[in-house]
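Q: Before we start, here is the structure in question, set down as structure tokens.
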There are 2 protein chains.
Amino acid sequence: MKNRILSREVKDHKGEEVLMQGWLHKKRPLGGMVFLVLRDRGGVMQILIEDKSEIEKLEGMQIGTVLEIVGTVTEEPRAPEGVEIHNPKITVVLSVTEASPIEIDKPLGHKSDNLDTLFDYRVIGLRNLRERAVFKIQAEVRNQVREYLKSQDFTEFSSPKLLPGATEGGAEVFKLDYFGKEATLAQSAQFYKQILVGVYERVFEIGSTYRAEPSATPRHMTEFQTIDVEMGFIELQDLLHLMSGFMNFVIENVWKICEKELAMWEATKPILAKEIPQITMEEIHQKYSAANEQQTIGEKDLRPDEEKWICEYAKENLGSEAVFVTDWPKEGAKFYHKFKDDNPEIAERADLLFRGVEIATGSMREHRYDILTKQLREMAGGNPDSDGFKYFFQAFKYGMPSEGGFGMGLERLTQKIIGLANVKEATLFPRDMNRLAP
Amino acid sequence: MKNRILSREVKDHKGEEVLMQGWLHKKRPLGGMVFLVLRDRGGVMQILIEDKSEIEKLEGMQIGTVLEIVGTVTEEPRAPEGVEIHNPKITVVLSVTEASPIEIDKPLGHKSDNLDTLFDYRVIGLRNLRERAVFKIQAEVRNQVREYLKSQDFTEFSSPKLLPGATEGGAEVFKLDYFGKEATLAQSAQFYKQILVGVYERVFEIGSTYRAEPSATPRHMTEFQTIDVEMGFIELQDLLHLMSGFMNFVIENVWKICEKELAMWEATKPILAKEIPQITMEEIHQKYSAANEQQTIGEKDLRPDEEKWICEYAKENLGSEAVFVTDWPKEGAKFYHKFKDDNPEIAERADLLFRGVEIATGSMREHRYDILTKQLREMAGGNPDSDGFKYFFQAFKYGMPSEGGFGMGLERLTQKIIGLANVKEATLFPRDMNRLAP
């Protein structure tokens, strides 16, 4: 028995007889012949069938039919890879006789009003080469994130997602019945990654995060993957240096490895400065207000339109499609944020904007036990000795260095790399308040 | 300002003045001098303090105090790395004045009756070098698992853990309130990995799995990490070949990279056959019964003691501490298992036993839509058109090749590699029916 050859390998076997296995992806009759496209994990390959008895085998066979094909690799300049298979002997391994509910051999619809259809048929739709490419890219983003962080001496961990009642608060939490008691699902790995700075200094997790967001917008999901990164013995500029290196490394390598997949989406490689430029929030307000006949000076947050605008500005004037927003006002800060020594109204925080939206929020954390305790009480009304906080505070009571970190949504990053409109398009099986399946 | 040097790098700087940052790990006065052990992410380093004014700085300073030290690297044959730091100038960066609730500079207790104490003080206990080593090893196991699977052309994915009501059933599920409806937490990635064989052929996930196990045994947790692997266009022997390669690759490389950490636990490198030997369940029953004056012939499962015994047997007679148990009877099979063509009472299943316990369960899956539908109805009383099953069945309706896969607990694998008695010892922050914190 011959060894199986994948679509991507066929071009290296010109003139040889090869064995292929895969799915019927497309079937096109043309003047007594049939052009068959076979799909496997390596791509697709065109097969020219002229023999009547072979053509008959495919009668009634629909997309998805599992085939085994032995044929000869023949040069064909008009074929995508420059080769196709001639004189095939076909074995129908598993026949599919029901027509596919969606056409998978052409780009699937991605307009906002048919996204539900996209997700309803996700199981089959992912067999479309362009959809499949999205999660090949995402897998590579994940790889490169890990490669970079490992190169910087980070240790990977996984934190529990089942938590007792009180968490860091803020967004909505999912509650579940835990043997008669109440448990909640983790909204972030924040406390665990900080605790582990006390052990490994540099840690990261790529894990699930849950938010009971009662809104089904293009930006919100109830379950997503967060890249959580935290490091000790640093200052804010060290963190931003790391994040700059991270972005450059990931983009550079994903573009190298996923060239073909990115081309399917006509994705353009982001322009990034080696050190991503930093702009204070107030500076953005000023520039934006001056340029747009708007008045945002003094506002405590960025408007969505400002995020878009400053990214355009940075691309044109600073040579970077990513930009850090620094100097965030205390309003909207978390109790664990660190504030400037010379201005306690300003958090040592820097959000990373990329192609018009925030993709990461980074900050220094207050690491001094007494001050952290005070901030918990004053900013969040929490008690450091309560069940929800006592373990987190243990780490600080017994010594933590100055530290900081960031959280970045994996799907959001994938979305912006490819240029998708909705974060759910970059999610295999998205979850929002209206969707729990497939 | 000097660059910071880590403990593990000190030996390369003999005679130089270096800057170190870390935690006070141990302090031992000896005849007017103080031996200080500093901990950082690279290990620990001994510092000899003779200068009175430097010694005074450490008065009242407890374990965990964050220090910055500038001193001279000096050869000292009696020191673990052959070097120590002399003439230090010490800066107390953050003082800890409360004594640590547990001693972290000596091995922590791991007996079954003090495991609760171990986990209650986990946040601080992980700062013990031996505890820290466990999750360094685990991180490397994770790395090597990924490396191996990537080398075999597998694509990594992440599946949702928030699911609608009906899942594959069997063990208990956690239920949660999802905007007024009921949702459940994923008990496995089984359906998703099978669906994705239709897309990528070879897929894997290392993700969280939830079981509402109402028992707090050394083998059960409510949340754990599963390595889920699935591949198409294969037969059972291809799967077992992959699993053999997987085990050999992971063990070989983890032993190379984590030599020091494994030595802390006096872990012995497992003996593994290149192709892990296969024994049928009935053969095990026969051998065990003959050797142990027991009668298990004809039983439909292995007794825990049989699992231990056959592993010992395989180690001594087959040169392998891992062994596959094949030919499982239909009792206890899942509806998605494939049964032998020539004997429908026997599942095409092979569990992997390693050092006395099952660490993975592998099988071929029924991929023919009609037969799978029949098995769902007959074995699980399920309806392929119901909300819980319809997406899974879509994948088969529109064409799936012969396929199989396995699931393996990451914590269990880590446990057996190191030789820990309880799977929770190989879990950063374990969860069982009695424990939701830290």
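By order of appearance in the structure tokens: chains A, B, ..., then residues from 1 within every chain, and ligands from 1 in the order shown.
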Counting only C-alpha atoms, a student should be able to say which residues of chain A come within 6 Å of chain B; what is the right answer, written as number ranges by chain?
A: A: 41, 64-65, 96, 127, 139, 156, 163-164, 175-176, 199-201, 391, 398-399, 436, 438
Q: Write the selection just made, keeping N, CA and C atoms, as an mmCIF file, in the first residue's frame?
A:
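Okay, again_32.cif is ready:
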```cif
data_model
loop_
_atom_site.group_PDB
_atom_site.id
_atom_site.type_symbol
_atom_site.label_atom_id
_atom_site.label_comp_id
_atom_site.auth_asym_id
_atom_site.auth_seq_id
_atom_site.Cartn_x
_atom_site.Cartn_y
_atom_site.Cartn_z
ATOM 1 N N ARG A 41 -6.236 17.850 4.927
ATOM 2 C CA ARG A 41 -5.709 18.854 5.868
ATOM 3 C C ARG A 41 -4.607 19.710 5.260
ATOM 4 N N GLY A 64 -18.562 16.337 0.933
ATOM 5 C CA GLY A 64 -18.316 15.672 2.204
ATOM 6 C C GLY A 64 -18.043 14.189 2.061
ATOM 7 N N THR A 65 -18.420 13.634 0.920
ATOM 8 C CA THR A 65 -18.131 12.218 0.656
ATOM 9 C C THR A 65 -16.638 11.953 0.871
ATOM 10 N N VAL A 96 -21.789 10.460 1.116
ATOM 11 C CA VAL A 96 -22.732 11.457 1.627
ATOM 12 C C VAL A 96 -23.724 11.710 0.515
ATOM 13 N N ARG A 127 -15.414 23.921 7.165
ATOM 14 C CA ARG A 127 -14.750 23.136 6.114
ATOM 15 C C ARG A 127 -14.427 23.996 4.897
ATOM 16 N N ALA A 139 -4.265 29.579 15.782
ATOM 17 C CA ALA A 139 -3.378 28.590 16.407
ATOM 18 C C ALA A 139 -1.931 29.083 16.342
ATOM 19 N N GLU A 156 4.504 29.106 32.047
ATOM 20 C CA GLU A 156 3.072 28.981 31.775
ATOM 21 C C GLU A 156 2.357 28.308 32.944
ATOM 22 N N LEU A 163 -14.529 29.567 41.112
ATOM 23 C CA LEU A 163 -14.113 30.424 42.211
ATOM 24 C C LEU A 163 -15.232 30.566 43.230
ATOM 25 N N PRO A 164 -14.845 30.911 44.476
ATOM 26 C CA PRO A 164 -15.887 31.217 45.460
ATOM 27 C C PRO A 164 -16.536 32.557 45.127
ATOM 28 N N LYS A 175 -22.940 32.540 37.916
ATOM 29 C CA LYS A 175 -23.023 31.813 39.184
ATOM 30 C C LYS A 175 -23.448 30.378 38.926
ATOM 31 N N LEU A 176 -22.892 29.471 39.689
ATOM 32 C CA LEU A 176 -23.312 28.085 39.514
ATOM 33 C C LEU A 176 -23.473 27.389 40.845
ATOM 34 N N VAL A 199 6.149 33.612 42.978
ATOM 35 C CA VAL A 199 6.762 32.284 42.860
ATOM 36 C C VAL A 199 7.733 32.224 41.675
ATOM 37 N N TYR A 200 7.241 32.607 40.502
ATOM 38 C CA TYR A 200 8.013 32.438 39.257
ATOM 39 C C TYR A 200 8.477 33.766 38.649
ATOM 40 N N GLU A 201 8.070 34.882 39.239
ATOM 41 C CA GLU A 201 8.390 36.232 38.752
ATOM 42 C C GLU A 201 7.715 36.581 37.424
ATOM 43 N N TYR A 391 -6.518 35.171 50.092
ATOM 44 C CA TYR A 391 -5.377 34.477 49.480
ATOM 45 C C TYR A 391 -4.561 35.419 48.601
ATOM 46 N N TYR A 398 3.371 38.619 52.475
ATOM 47 C CA TYR A 398 4.651 37.926 52.626
ATOM 48 C C TYR A 398 5.626 38.252 51.504
ATOM 49 N N GLY A 399 5.456 39.454 50.934
ATOM 50 C CA GLY A 399 6.514 39.975 50.085
ATOM 51 C C GLY A 399 6.302 39.838 48.592
ATOM 52 N N LEU A 436 -25.593 29.638 22.730
ATOM 53 C CA LEU A 436 -24.876 28.624 23.523
ATOM 54 C C LEU A 436 -24.521 27.416 22.654
ATOM 55 N N PRO A 438 -23.463 26.128 18.210
ATOM 56 C CA PRO A 438 -22.978 24.778 18.519
ATOM 57 C C PRO A 438 -21.824 24.857 19.513
#
```
Q: Name the residues in contact with segment 238-253 of chain B at a cut-off of 6 Å, using only C-alpha atoms, excluding same-chain residues fewer than 6 positions from it; report them as a list in words.
A: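 Selected residues are Gln144, Glu275 and Ile276 of chain B.
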Q: Here is a test: counting only C-alpha atoms, which residue of B:Arg28, B:Lys300, B:Lys269, B:Arg211 is nearest to Gln187 of chain B?
A: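 That would be B:Arg211, the residue with the smallest distance to Gln187 of chain B.
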Q: For the atom pair atom CA of Pro80 of chain A and atom CA of Lys11 of chain A, what is the interatomic distance in Å to one decimal place?
A: 10.5 Å
Q: As a list of chain:residue names, please: every residue in segment 355-412 of chain B that DSSP puts in alpha helix (DSSP H).
A: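 Reading the DSSP output for segment 355-412 of chain B, alpha helix (DSSP H) covers B:Tyr369, B:Asp370, B:Ile371, B:Leu372, B:Thr373, B:Lys374, B:Gln375, B:Leu376, B:Arg377, B:Glu378, B:Met379, B:Ala380, B:Lys390, B:Tyr391, B:Phe392, B:Phe393, B:Gln394, B:Ala395, B:Phe396, B:Lys397, B:Leu410, B:Glu411, B:Arg412.
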Q: Could those residues be written to a file, using C-alpha atoms, as an mmCIF file, in the first residue's frame?
A:
```
data_model
loop_
_atom_site.group_PDB
_atom_site.id
_atom_site.type_symbol
_atom_site.label_atom_id
_atom_site.label_comp_id
_atom_site.auth_asym_id
_atom_site.auth_seq_id
_atom_site.Cartn_x
_atom_site.Cartn_y
_atom_site.Cartn_z
ATOM 1 C CA TYR B 369 -23.922 8.408 10.473
ATOM 2 C CA ASP B 370 -26.536 5.641 10.426
ATOM 3 C CA ILE B 371 -24.709 3.393 12.859
ATOM 4 C CA LEU B 372 -23.829 6.294 15.127
ATOM 5 C CA THR B 373 -27.485 7.335 15.206
ATOM 6 C CA LYS B 374 -28.464 3.796 16.135
ATOM 7 C CA GLN B 375 -25.848 3.624 18.879
ATOM 8 C CA LEU B 376 -26.972 6.939 20.355
ATOM 9 C CA ARG B 377 -30.543 5.728 20.545
ATOM 10 C CA GLU B 378 -29.768 2.263 21.852
ATOM 11 C CA MET B 379 -26.860 2.931 24.176
ATOM 12 C CA ALA B 380 -27.693 6.398 25.505
ATOM 13 C CA LYS B 390 -27.649 17.889 16.471
ATOM 14 C CA TYR B 391 -24.420 19.800 15.803
ATOM 15 C CA PHE B 392 -22.300 16.774 16.637
ATOM 16 C CA PHE B 393 -24.344 14.673 14.252
ATOM 17 C CA GLN B 394 -24.100 17.313 11.505
ATOM 18 C CA ALA B 395 -20.396 16.538 11.234
ATOM 19 C CA PHE B 396 -21.179 12.877 10.508
ATOM 20 C CA LYS B 397 -24.133 13.523 8.257
ATOM 21 C CA LEU B 410 -2.346 16.813 32.396
ATOM 22 C CA GLU B 411 -2.227 16.743 36.195
ATOM 23 C CA ARG B 412 -2.401 12.947 36.278
#
```
Q: To one decimal place in Å, what is the distance between atom CA of Leu352 of chain A and atom CA of Met408 of chain A?
A: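 Answer for the atom CA of Leu352 of chain A to atom CA of Met408 of chain A separation: 9.1 Å.
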Q: May I have the residues within 9 Å of Asp301 of chain B as a PyMOL selection string, using only C-alpha atoms and disregarding those fewer than 5 positions away in the same chain?
A: chain B and resi 281+328-329+331-332
Q: Write out as number ranges by chain the residues lying within 9 Å of Glu235 of chain A, counting only C-alpha atoms and excluding same-chain residues fewer than 5 positions away.
A: A: 364, 402-404
Q: Tell me, as a list of chain:residue names, which residues lie within 12 Å of Pro29 of chain A, counting only C-alpha atoms; anything in the same chain fewer than 5 positions away does not count.
A: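 Final neighbour list, sorted by chain and number: A:Val34, A:Phe35, A:Leu36, A:Val37, A:Ile47, A:Leu48, A:Ile49, A:Glu50, A:Lys52, A:Ile55, A:Glu56, A:Leu58, A:Glu59.
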Q: Looking only at the backbone, which of the residues in segment 241-370 of chain B does DSSP tag as strand (DSSP E), as number ranges by chain?
A: B: 278-280, 322-329, 339-340, 343-354, 357-365
Q: For C-alpha atoms, I'd like the residues from the last selection saved as a short mmCIF file (atom, residue, chain, number, x, y, z; two decimals), in the first residue's frame.
A:
```
data_model
loop_
_atom_site.label_atom_id
_atom_site.label_comp_id
_atom_site.auth_asym_id
_atom_site.auth_seq_id
_atom_site.Cartn_x
_atom_site.Cartn_y
_atom_site.Cartn_z
CA GLN B 278 -0.78 -4.09 24.14
CA ILE B 279 -2.60 -6.62 26.26
CA THR B 280 -6.26 -7.52 26.01
CA ALA B 322 3.22 1.91 30.29
CA VAL B 323 0.88 -0.62 28.76
CA PHE B 324 -2.24 -0.51 26.60
CA VAL B 325 -5.31 -2.44 27.70
CA THR B 326 -7.25 -3.40 24.55
CA ASP B 327 -10.46 -5.26 23.73
CA TRP B 328 -12.85 -3.59 26.13
CA PRO B 329 -16.30 -5.13 26.42
CA PHE B 339 -16.99 -1.70 17.88
CA LYS B 340 -15.06 -4.44 16.16
CA ASN B 343 -17.24 -8.78 17.21
CA PRO B 344 -19.72 -6.01 18.09
CA GLU B 345 -19.38 -6.83 21.78
CA ILE B 346 -15.81 -5.51 21.84
CA ALA B 347 -15.02 -1.79 21.58
CA GLU B 348 -12.06 -0.59 19.55
CA ARG B 349 -10.72 1.02 22.67
CA ALA B 350 -7.35 1.05 24.36
CA ASP B 351 -6.69 2.60 27.75
CA LEU B 352 -3.17 3.59 28.61
CA LEU B 353 -1.99 2.47 32.02
CA PHE B 354 1.14 4.09 33.39
CA VAL B 357 -3.17 3.84 36.95
CA GLU B 358 -5.06 4.71 33.82
CA ILE B 359 -3.76 8.00 32.45
CA ALA B 360 -5.51 8.03 29.07
CA THR B 361 -8.44 6.46 27.40
CA GLY B 362 -8.25 6.08 23.65
CA SER B 363 -10.62 4.66 21.10
CA MET B 364 -11.81 4.62 17.55
CA ARG B 365 -15.10 6.46 17.08
#
```
